[in-house]
>>> print(open('protein_18.csv').read())   # CSV, C-alpha atoms
chain,number,residue,atom,x,y,z
U,16,MET,CA,383.7,332.3,-138.3
U,17,ILE,CA,382.8,328.7,-139.2
U,18,ALA,CA,382.4,327.9,-135.5
U,19,LEU,CA,380.1,330.8,-135.2
U,20,TRP,CA,378.1,329.5,-138.1
U,21,VAL,CA,377.6,326.1,-136.4
U,22,ASP,CA,377.2,327.1,-132.8
U,23,GLY,CA,375.5,330.5,-133.3
U,24,VAL,CA,371.8,331.3,-133.2
U,25,GLY,CA,370.7,327.7,-133.8
U,26,TRP,CA,368.3,325.8,-135.9
U,27,LEU,CA,366.5,328.7,-137.7
U,28,ARG,CA,369.3,329.2,-140.2
U,29,TRP,CA,369.4,325.6,-141.2
U,30,VAL,CA,365.6,325.5,-141.5
U,31,ILE,CA,365.9,328.4,-144.0
U,32,LEU,CA,368.5,326.5,-146.0
U,33,ALA,CA,366.5,323.3,-145.9
U,34,ALA,CA,363.4,325.1,-147.2
U,35,ALA,CA,365.5,326.6,-150.1
U,36,LEU,CA,366.8,323.2,-151.0
U,37,VAL,CA,363.3,321.7,-150.9
U,38,SER,CA,362.0,324.4,-153.1
U,39,LEU,CA,364.9,323.7,-155.6
U,40,ALA,CA,364.2,319.9,-155.4
U,41,THR,CA,360.5,320.3,-156.0
U,42,VAL,CA,360.7,323.0,-158.7
U,43,ARG,CA,359.1,320.7,-161.4
U,44,THR,CA,356.4,319.2,-159.1
U,45,ARG,CA,352.8,320.2,-158.3
U,46,VAL,CA,353.9,321.6,-154.9
U,47,ALA,CA,356.5,323.9,-156.4
U,48,THR,CA,354.4,327.1,-155.8
U,49,TRP,CA,353.9,326.2,-152.1
U,50,THR,CA,357.5,325.2,-151.4
U,51,ALA,CA,358.7,328.5,-153.1
U,52,ALA,CA,356.2,330.5,-151.0
U,53,LEU,CA,357.4,328.7,-147.8
U,54,SER,CA,361.0,329.4,-148.8
U,55,LEU,CA,360.2,333.1,-149.4
U,56,ILE,CA,358.5,333.4,-146.0
U,57,LEU,CA,361.5,331.8,-144.3
U,58,ILE,CA,363.9,334.1,-146.2
U,59,ALA,CA,361.9,337.1,-144.9
U,60,VAL,CA,362.0,335.6,-141.3
U,61,GLY,CA,365.7,335.0,-141.7
U,62,LEU,CA,366.4,338.6,-142.8
U,63,GLU,CA,364.4,339.8,-139.8
U,64,ALA,CA,366.5,337.6,-137.5
U,65,SER,CA,369.8,338.7,-139.2
U,66,ARG,CA,369.2,342.3,-138.4
U,67,PHE,CA,370.6,344.0,-135.3
U,68,ASP,CA,367.6,345.0,-133.1
U,69,GLY,CA,369.2,348.3,-132.0
U,70,ARG,CA,368.9,347.5,-128.3
U,71,PRO,CA,371.9,347.0,-125.9
U,72,HIS,CA,372.3,343.5,-124.6
U,73,VAL,CA,374.1,344.1,-121.3
U,74,THR,CA,374.4,341.3,-118.8
U,75,GLU,CA,375.9,341.4,-115.3
U,76,LYS,CA,379.2,340.1,-116.6
U,77,MET,CA,379.6,341.8,-120.0
U,78,ASP,CA,378.1,343.9,-122.7
U,79,ALA,CA,377.0,341.2,-125.2
U,80,THR,CA,375.5,343.7,-127.7
U,81,PHE,CA,378.3,343.1,-130.2
U,82,LEU,CA,378.1,339.3,-129.7
U,83,ASP,CA,374.3,339.4,-130.3
U,84,TRP,CA,375.0,341.2,-133.6
U,85,ALA,CA,377.8,338.9,-134.6
U,86,LEU,CA,375.7,335.8,-134.1
U,87,ARG,CA,373.1,337.3,-136.4
U,88,LEU,CA,375.7,337.4,-139.2
U,89,GLY,CA,375.5,333.6,-139.5
U,90,THR,CA,371.8,333.8,-140.1
U,91,ARG,CA,372.5,336.5,-142.7
U,92,ALA,CA,375.0,334.3,-144.5
U,93,ASN,CA,372.6,331.3,-144.6
U,94,THR,CA,369.8,333.5,-145.7
U,95,GLY,CA,372.0,334.7,-148.6
U,96,ILE,CA,372.7,331.2,-149.6
U,97,ALA,CA,369.0,330.4,-149.4
U,98,VAL,CA,368.2,333.4,-151.6
U,99,LEU,CA,370.8,332.1,-154.2
U,100,LEU,CA,369.2,328.6,-154.1
U,101,ALA,CA,365.5,329.6,-154.1
U,102,ALA,CA,365.7,332.5,-156.5
U,103,GLY,CA,364.9,330.3,-159.5
U,104,PRO,CA,362.0,328.4,-158.0
U,105,ILE,CA,360.5,331.6,-156.5
U,106,GLY,CA,360.8,333.4,-159.9
U,107,ALA,CA,359.3,330.4,-161.7
U,108,ALA,CA,356.4,330.2,-159.2
U,109,MET,CA,355.6,334.0,-159.6
U,110,ALA,CA,355.7,333.6,-163.4
U,111,ARG,CA,353.3,330.7,-163.2
U,112,ILE,CA,350.9,332.6,-161.0
U,113,ALA,CA,351.0,335.6,-163.4
U,114,ASN,CA,350.6,333.4,-166.4
U,115,ALA,CA,353.9,334.7,-167.8
U,116,ARG,CA,356.4,332.4,-169.4
U,117,PRO,CA,357.4,330.0,-166.7
U,118,LEU,CA,361.0,330.9,-166.7
U,119,ALA,CA,363.2,331.2,-163.6
U,120,LEU,CA,365.4,333.8,-165.3
U,121,PRO,CA,363.9,337.0,-163.7
U,122,GLY,CA,364.0,335.3,-160.3
U,123,LEU,CA,367.7,334.5,-160.8
U,124,ALA,CA,368.5,338.0,-162.1
U,125,VAL,CA,367.1,339.5,-158.9
U,126,GLY,CA,368.0,336.7,-156.5
U,127,VAL,CA,371.6,336.0,-157.4
U,128,PRO,CA,373.0,339.6,-156.8
U,129,ILE,CA,371.0,339.9,-153.6
U,130,GLY,CA,372.1,336.5,-152.3
U,131,LEU,CA,375.7,337.3,-153.1
U,132,ALA,CA,375.4,340.7,-151.5
U,133,LEU,CA,374.0,339.1,-148.3
U,134,LEU,CA,376.8,336.6,-148.3
U,135,ALA,CA,379.5,339.2,-149.0
U,136,SER,CA,378.0,341.4,-146.2
U,137,SER,CA,378.4,338.7,-143.6
U,138,LEU,CA,381.8,337.6,-144.8
U,139,ARG,CA,383.1,341.1,-144.7
U,140,PHE,CA,382.7,341.2,-141.0
U,141,GLU,CA,384.8,338.1,-140.4
U,142,ARG,CA,387.9,339.9,-139.3
U,143,VAL,CA,386.0,342.2,-137.0
U,144,VAL,CA,384.2,339.3,-135.4
U,145,GLU,CA,387.5,337.4,-135.0
U,146,LEU,CA,389.0,340.3,-133.1
U,147,PHE,CA,386.0,340.4,-130.9
U,148,LEU,CA,386.2,336.7,-130.1
U,149,ALA,CA,389.8,337.2,-129.2
U,150,ASN,CA,388.9,339.7,-126.6
U,151,PRO,CA,385.1,339.6,-125.9
U,152,PRO,CA,384.6,341.2,-122.4
U,153,ARG,CA,386.2,344.5,-123.3
U,154,VAL,CA,384.8,344.9,-126.8
U,155,ALA,CA,383.0,348.1,-126.1
U,156,ASP,CA,386.0,349.7,-124.5
U,157,VAL,CA,389.2,348.7,-126.2
U,158,GLY,CA,388.9,345.3,-127.9
U,159,LEU,CA,387.4,346.5,-131.1
U,160,SER,CA,388.6,349.1,-133.5
U,161,LEU,CA,385.7,351.4,-134.3
U,162,ASP,CA,387.3,352.4,-137.5
U,163,MET,CA,387.5,348.8,-138.6
U,164,LEU,CA,383.9,348.2,-137.7
U,165,ALA,CA,382.8,351.4,-139.5
U,166,SER,CA,384.8,350.5,-142.6
U,167,ALA,CA,383.3,347.0,-142.7
U,168,VAL,CA,379.8,348.4,-142.2
U,169,ARG,CA,380.4,350.8,-145.1
U,170,ASP,CA,381.6,348.0,-147.4
U,171,SER,CA,378.6,345.8,-146.4
U,172,GLU,CA,376.2,348.7,-147.0
U,173,ARG,CA,377.7,349.2,-150.5
U,174,ALA,CA,377.5,345.5,-151.3
U,175,LEU,CA,373.8,345.3,-150.2
U,176,LEU,CA,372.8,348.4,-152.1
U,177,ALA,CA,374.7,347.2,-155.2
U,178,GLY,CA,373.0,343.8,-154.9
U,179,VAL,CA,369.5,345.4,-154.9
U,180,ALA,CA,370.5,347.8,-157.7
U,181,ILE,CA,372.0,345.1,-159.9
U,182,GLY,CA,368.9,342.9,-159.3
U,183,ALA,CA,366.6,345.8,-160.3
U,184,LEU,CA,368.7,346.5,-163.4
U,185,GLY,CA,368.7,342.9,-164.4
U,186,LEU,CA,365.0,342.6,-164.1
U,187,ALA,CA,364.5,345.8,-166.1
U,188,ALA,CA,366.9,344.5,-168.8
U,189,ILE,CA,365.0,341.2,-169.1
U,190,ARG,CA,361.7,343.2,-169.3
U,191,VAL,CA,363.1,345.4,-172.2
U,192,HIS,CA,364.5,342.3,-173.9
U,193,ARG,CA,361.2,340.5,-173.8
U,194,MET,CA,359.3,343.6,-175.0
U,195,ARG,CA,361.6,343.8,-178.0
U,196,ALA,CA,361.3,340.0,-178.6
U,197,VAL,CA,357.5,340.5,-178.7
U,198,ALA,CA,357.7,343.5,-181.1
U,199,ARG,CA,360.2,341.8,-183.5
U,200,PRO,CA,357.8,339.2,-185.1
U,201,ASN,CA,355.2,341.9,-185.7
U,202,ARG,CA,357.7,344.0,-187.7
U,203,ALA,CA,358.8,340.9,-189.6
U,204,ALA,CA,355.1,340.1,-190.4
U,205,ARG,CA,354.4,343.6,-191.5
U,206,SER,CA,357.4,343.6,-193.9
U,207,ALA,CA,356.5,340.2,-195.3
U,208,ALA,CA,352.8,341.1,-195.9
U,209,PRO,CA,351.9,342.0,-199.5
U,210,ARG,CA,351.8,345.8,-200.0
U,211,SER,CA,348.5,347.3,-201.2
U,212,PRO,CA,348.7,348.8,-204.7
U,213,ARG,CA,348.9,352.5,-204.7
M,8,MET,CA,339.4,336.6,-154.2
M,9,SER,CA,340.6,333.6,-156.0
M,10,LEU,CA,343.5,331.5,-154.8
M,11,ARG,CA,345.7,332.6,-157.7
M,12,ALA,CA,345.0,336.3,-156.9
M,13,ALA,CA,345.7,335.7,-153.2
M,14,LEU,CA,349.0,334.0,-154.1
M,15,ALA,CA,350.0,336.8,-156.4
M,16,VAL,CA,349.4,339.4,-153.7
M,17,GLY,CA,351.2,337.3,-151.1
M,18,PHE,CA,354.3,336.8,-153.3
M,19,ALA,CA,354.4,340.5,-154.3
M,20,PHE,CA,354.1,341.5,-150.6
M,21,LEU,CA,356.9,339.1,-149.5
M,22,VAL,CA,359.2,340.2,-152.3
M,23,ALA,CA,358.6,343.9,-151.3
M,24,LEU,CA,359.2,343.0,-147.7
M,25,VAL,CA,362.5,341.2,-148.4
M,26,CYS,CA,363.8,344.2,-150.4
M,27,THR,CA,362.8,346.6,-147.5
M,28,GLN,CA,364.5,344.3,-145.0
M,29,ILE,CA,367.7,344.3,-147.0
M,30,LEU,CA,367.8,348.1,-147.0
M,31,ALA,CA,366.9,348.0,-143.2
M,32,LEU,CA,370.0,345.8,-142.6
M,33,THR,CA,372.3,348.7,-143.6
M,34,ARG,CA,370.5,351.0,-141.1
M,35,ALA,CA,370.7,348.4,-138.3
M,36,ASP,CA,374.5,347.9,-138.9
M,37,ARG,CA,375.0,351.7,-138.7
M,38,ALA,CA,373.1,351.7,-135.4
M,39,LEU,CA,375.6,349.2,-134.1
M,40,VAL,CA,378.5,351.5,-135.0
M,41,ARG,CA,376.8,354.3,-133.2
M,42,TYR,CA,376.3,352.1,-130.1
M,43,VAL,CA,379.9,351.0,-130.0
M,44,ALA,CA,381.0,354.6,-130.4
M,45,SER,CA,378.8,355.7,-127.6
M,46,ARG,CA,380.3,353.1,-125.3
M,47,ARG,CA,383.8,354.5,-125.6
>>> encode(input="protein_18.csv", output="structure tokens")
Amino acid sequence: MIALWVDGVGWLRWVILAAALVSLATVRTRVATWTAALSLILIAVGLEASRFDGRPHVTEKMDATFLDWALRLGTRANTGIAVLLAAGPIGAAMARIANARPLALPGLAVGVPIGLALLASSLRFERVVELFLANPPRVADVGLSLDMLASAVRDSERALLAGVAIGALGLAAIRVHRMRAVARPNRAARSAAPRSPR
Amino acid sequence: MSLRAALAVGFAFLVALVCTQILALTRADRALVRYVASRR
């Protein structure tokens, strides 16, 4: 799996990671909004590149469809790490644009579960890919256990859906907490104010 | 449209796109399972 990471699709995954690191390094500078935007664009590109295109990749020598998909898993893992790294800077940039409190917390609440889910999704396929690498030419015939692949896909699907759901719940929880925090001083001010004589 | 508004729209679009792509990943993986099954 590590070899696949290094030798796989190529430079794109590392550009995505580098952009996330730059956005993290420049979070307190004037260019923070732009580096966060660049990182978000590259994350979107990375997710597109890490998705199986649904087409068969058959060569004269072998059916490389599974290999094409397996190579995309490396990009998926790196995009997950990039989401983890850039979630704070992206959240902070969005808060700045919206004139909200410039906190990275909402970005982290959404980004961390999604980044972990992407990472878990690609790591879950490790064993399936190892089996494939042990016997690549006959993968579509006998080299690969369909049950094992289907089970890994189900687990990956659960992880991704859970990541998105936890992210959405985290964001909703922060929103509710902030609304209560805004309402609390008003209640305190009302109770402290002198009552009008009846 | 001011730069701030353009940035807000851009960020919102990209976040929505990323969420859609994550959900699309699951569909794409299922397509692979169907492909492998069809080759048997």
>>> closest_atom_pairs(input="protein_18.csv", of="stretch 43-130 of chain U", to="stretch 9-18 of chain M", cutoff="12 Å", atoms="only C-alpha atoms", output="Markdown table")
| residue | atom | partner | partner_atom | distance |
| --- | --- | --- | --- | --- |
| U:Thr48 | CA | M:Leu14 | CA | 8.9 |
| U:Trp49 | CA | M:Leu14 | CA | 9.4 |
| U:Ala51 | CA | M:Phe18 | CA | 9.4 |
| U:Ala52 | CA | M:Phe18 | CA | 7.0 |
| U:Leu53 | CA | M:Phe18 | CA | 10.3 |
| U:Ser54 | CA | M:Phe18 | CA | 10.9 |
| U:Leu55 | CA | M:Phe18 | CA | 8.0 |
| U:Ile56 | CA | M:Phe18 | CA | 9.1 |
| U:Ala59 | CA | M:Phe18 | CA | 11.3 |
| U:Ile105 | CA | M:Phe18 | CA | 8.7 |
| U:Gly106 | CA | M:Phe18 | CA | 9.9 |
| U:Ala107 | CA | M:Phe18 | CA | 11.7 |
| U:Ala108 | CA | M:Phe18 | CA | 9.1 |
| U:Met109 | CA | M:Phe18 | CA | 7.0 |
| U:Ala110 | CA | M:Ala15 | CA | 9.6 |
| U:Arg111 | CA | M:Arg11 | CA | 9.6 |
| U:Ile112 | CA | M:Arg11 | CA | 6.2 |
| U:Ala113 | CA | M:Ala15 | CA | 7.2 |
| U:Asn114 | CA | M:Arg11 | CA | 10.0 |
>>> write_last_selection(input="protein_18.csv", atoms="C-alpha atoms", output="PDB file, in the coordinates of the input")
ATOM      1  CA  THR U  48     354.400 327.100-155.800  1.00  0.00           C
ATOM      2  CA  TRP U  49     353.900 326.200-152.100  1.00  0.00           C
ATOM      3  CA  ALA U  51     358.700 328.500-153.100  1.00  0.00           C
ATOM      4  CA  ALA U  52     356.200 330.500-151.000  1.00  0.00           C
ATOM      5  CA  LEU U  53     357.400 328.700-147.800  1.00  0.00           C
ATOM      6  CA  SER U  54     361.000 329.400-148.800  1.00  0.00           C
ATOM      7  CA  LEU U  55     360.200 333.100-149.400  1.00  0.00           C
ATOM      8  CA  ILE U  56     358.500 333.400-146.000  1.00  0.00           C
ATOM      9  CA  ALA U  59     361.900 337.100-144.900  1.00  0.00           C
ATOM     10  CA  ILE U 105     360.500 331.600-156.500  1.00  0.00           C
ATOM     11  CA  GLY U 106     360.800 333.400-159.900  1.00  0.00           C
ATOM     12  CA  ALA U 107     359.300 330.400-161.700  1.00  0.00           C
ATOM     13  CA  ALA U 108     356.400 330.200-159.200  1.00  0.00           C
ATOM     14  CA  MET U 109     355.600 334.000-159.600  1.00  0.00           C
ATOM     15  CA  ALA U 110     355.700 333.600-163.400  1.00  0.00           C
ATOM     16  CA  ARG U 111     353.300 330.700-163.200  1.00  0.00           C
ATOM     17  CA  ILE U 112     350.900 332.600-161.000  1.00  0.00           C
ATOM     18  CA  ALA U 113     351.000 335.600-163.400  1.00  0.00           C
ATOM     19  CA  ASN U 114     350.600 333.400-166.400  1.00  0.00           C
TER      20      ASN U 114
END
>>> atom_distance(input="protein_18.csv", atom1="atom CA of U:Ala132", atom2="atom CA of U:Asp68")
20.4 Å
>>> atom_distance(input="protein_18.csv", atom1="atom CA of U:Asn93", atom2="atom CA of U:Arg66")
13.1 Å
>>> atom_distance(input="protein_18.csv", atom1="atom CA of U:Glu141", atom2="atom CA of U:Ile181")
24.4 Å
>>> interface_residues(input="protein_18.csv", of="chain U", to="chain M", cutoff="9 Å", atoms="only C-alpha atoms", output="PyMOL selection string")
chain U and resi 48+52+55-56+58-59+62-63+65-71+80-81+84+105+109+112-113+129+133+154-157+159+161+164-165+168-169+171-173+175-176+179
>>> closest_residue(input="protein_18.csv", among="U:Ala149, U:Leu134, U:Ala119, U:Ala64", to="U:Asp83", atoms="all atoms listed in the file")
U:Ala64
>>> decode(input="protein_18.csv", residues="stretch 66-169 of chain U", atoms="C-alpha atoms", output="CSV table (one decimal), in the first residue's frame")
chain,number,residue,atom,x,y,z
U,66,ARG,CA,-13.3,8.5,-8.0
U,67,PHE,CA,-13.5,5.4,-10.2
U,68,ASP,CA,-14.6,6.6,-13.6
U,69,GLY,CA,-16.9,3.6,-14.3
U,70,ARG,CA,-15.2,2.7,-17.5
U,71,PRO,CA,-13.3,-0.6,-18.2
U,72,HIS,CA,-9.6,-0.1,-18.7
U,73,VAL,CA,-8.8,-3.1,-20.8
U,74,THR,CA,-5.4,-3.4,-22.5
U,75,GLU,CA,-4.1,-6.1,-24.8
U,76,LYS,CA,-2.3,-7.8,-22.0
U,77,MET,CA,-4.7,-7.5,-19.1
U,78,ASP,CA,-7.8,-5.9,-17.6
U,79,ALA,CA,-6.4,-2.9,-15.7
U,80,THR,CA,-9.8,-1.6,-14.5
U,81,PHE,CA,-9.2,-2.7,-10.9
U,82,LEU,CA,-5.6,-1.4,-11.0
U,83,ASP,CA,-6.9,2.0,-12.2
U,84,TRP,CA,-9.3,2.1,-9.3
U,85,ALA,CA,-6.6,1.0,-6.8
U,86,LEU,CA,-4.3,3.7,-7.9
U,87,ARG,CA,-7.0,6.3,-7.2
U,88,LEU,CA,-7.1,5.1,-3.6
U,89,GLY,CA,-3.8,6.8,-2.9
U,90,THR,CA,-5.2,10.1,-4.2
U,91,ARG,CA,-8.2,9.5,-1.9
U,92,ALA,CA,-6.0,9.0,1.1
U,93,ASN,CA,-3.9,12.1,0.4
U,94,THR,CA,-7.1,14.2,-0.2
U,95,GLY,CA,-8.3,12.9,3.2
U,96,ILE,CA,-5.1,14.1,4.9
U,97,ALA,CA,-5.4,17.4,3.0
U,98,VAL,CA,-9.0,17.9,4.3
U,99,LEU,CA,-7.8,17.3,7.8
U,100,LEU,CA,-5.0,19.8,7.5
U,101,ALA,CA,-6.9,22.5,5.6
U,102,ALA,CA,-10.2,22.2,7.4
U,103,GLY,CA,-9.3,24.9,10.0
U,104,PRO,CA,-7.9,27.4,7.5
U,105,ILE,CA,-10.8,26.9,5.1
U,106,GLY,CA,-13.3,27.4,7.9
U,107,ALA,CA,-11.5,30.5,9.1
U,108,ALA,CA,-11.5,32.0,5.6
U,109,MET,CA,-15.2,31.4,5.2
U,110,ALA,CA,-15.9,32.9,8.6
U,111,ARG,CA,-13.8,36.0,7.7
U,112,ILE,CA,-15.7,36.4,4.4
U,113,ALA,CA,-19.1,36.1,6.1
U,114,ASN,CA,-18.0,38.6,8.8
U,115,ALA,CA,-18.6,35.9,11.4
U,116,ARG,CA,-16.3,35.3,14.3
U,117,PRO,CA,-13.0,34.2,12.7
U,118,LEU,CA,-12.9,30.8,14.3
U,119,ALA,CA,-11.7,27.7,12.6
U,120,LEU,CA,-14.0,25.5,14.8
U,121,PRO,CA,-16.9,25.0,12.3
U,122,GLY,CA,-14.4,24.1,9.6
U,123,LEU,CA,-12.7,21.6,11.9
U,124,ALA,CA,-16.1,20.1,12.9
U,125,VAL,CA,-16.9,19.4,9.3
U,126,GLY,CA,-13.5,18.7,7.9
U,127,VAL,CA,-12.1,16.3,10.6
U,128,PRO,CA,-14.8,13.6,10.3
U,129,ILE,CA,-14.8,13.9,6.5
U,130,GLY,CA,-11.0,13.8,6.3
U,131,LEU,CA,-10.9,10.8,8.6
U,132,ALA,CA,-13.6,9.1,6.6
U,133,LEU,CA,-11.7,9.5,3.3
U,134,LEU,CA,-8.6,8.1,5.0
U,135,ALA,CA,-10.5,5.2,6.5
U,136,SER,CA,-12.1,4.5,3.2
U,137,SER,CA,-8.8,4.2,1.3
U,138,LEU,CA,-7.1,2.2,4.1
U,139,ARG,CA,-10.1,-0.2,4.3
U,140,PHE,CA,-9.2,-1.4,0.8
U,141,GLU,CA,-5.6,-2.2,1.7
U,142,ARG,CA,-6.1,-6.0,2.0
U,143,VAL,CA,-8.1,-6.2,-1.3
U,144,VAL,CA,-5.4,-4.2,-3.1
U,145,GLU,CA,-2.7,-6.4,-1.7
U,146,LEU,CA,-4.5,-9.5,-3.0
U,147,PHE,CA,-4.8,-7.9,-6.4
U,148,LEU,CA,-1.1,-7.0,-6.5
U,149,ALA,CA,-0.2,-10.6,-5.6
U,150,ASN,CA,-2.1,-11.8,-8.7
U,151,PRO,CA,-2.8,-8.9,-11.1
U,152,PRO,CA,-3.5,-10.4,-14.5
U,153,ARG,CA,-6.3,-12.7,-13.4
U,154,VAL,CA,-8.0,-10.3,-11.1
U,155,ALA,CA,-11.3,-10.1,-12.9
U,156,ASP,CA,-11.5,-13.9,-13.1
U,157,VAL,CA,-10.2,-15.6,-9.9
U,158,GLY,CA,-7.6,-13.4,-8.2
U,159,LEU,CA,-10.0,-11.3,-6.3
U,160,SER,CA,-12.7,-12.3,-3.9
U,161,LEU,CA,-15.9,-10.4,-4.9
U,162,ASP,CA,-17.3,-10.9,-1.4
U,163,MET,CA,-14.2,-9.3,0.1
U,164,LEU,CA,-14.4,-6.3,-2.3
U,165,ALA,CA,-18.1,-5.9,-1.8
U,166,SER,CA,-17.6,-6.0,2.0
U,167,ALA,CA,-14.8,-3.4,1.8
U,168,VAL,CA,-17.0,-1.2,-0.4
U,169,ARG,CA,-19.9,-1.4,2.1
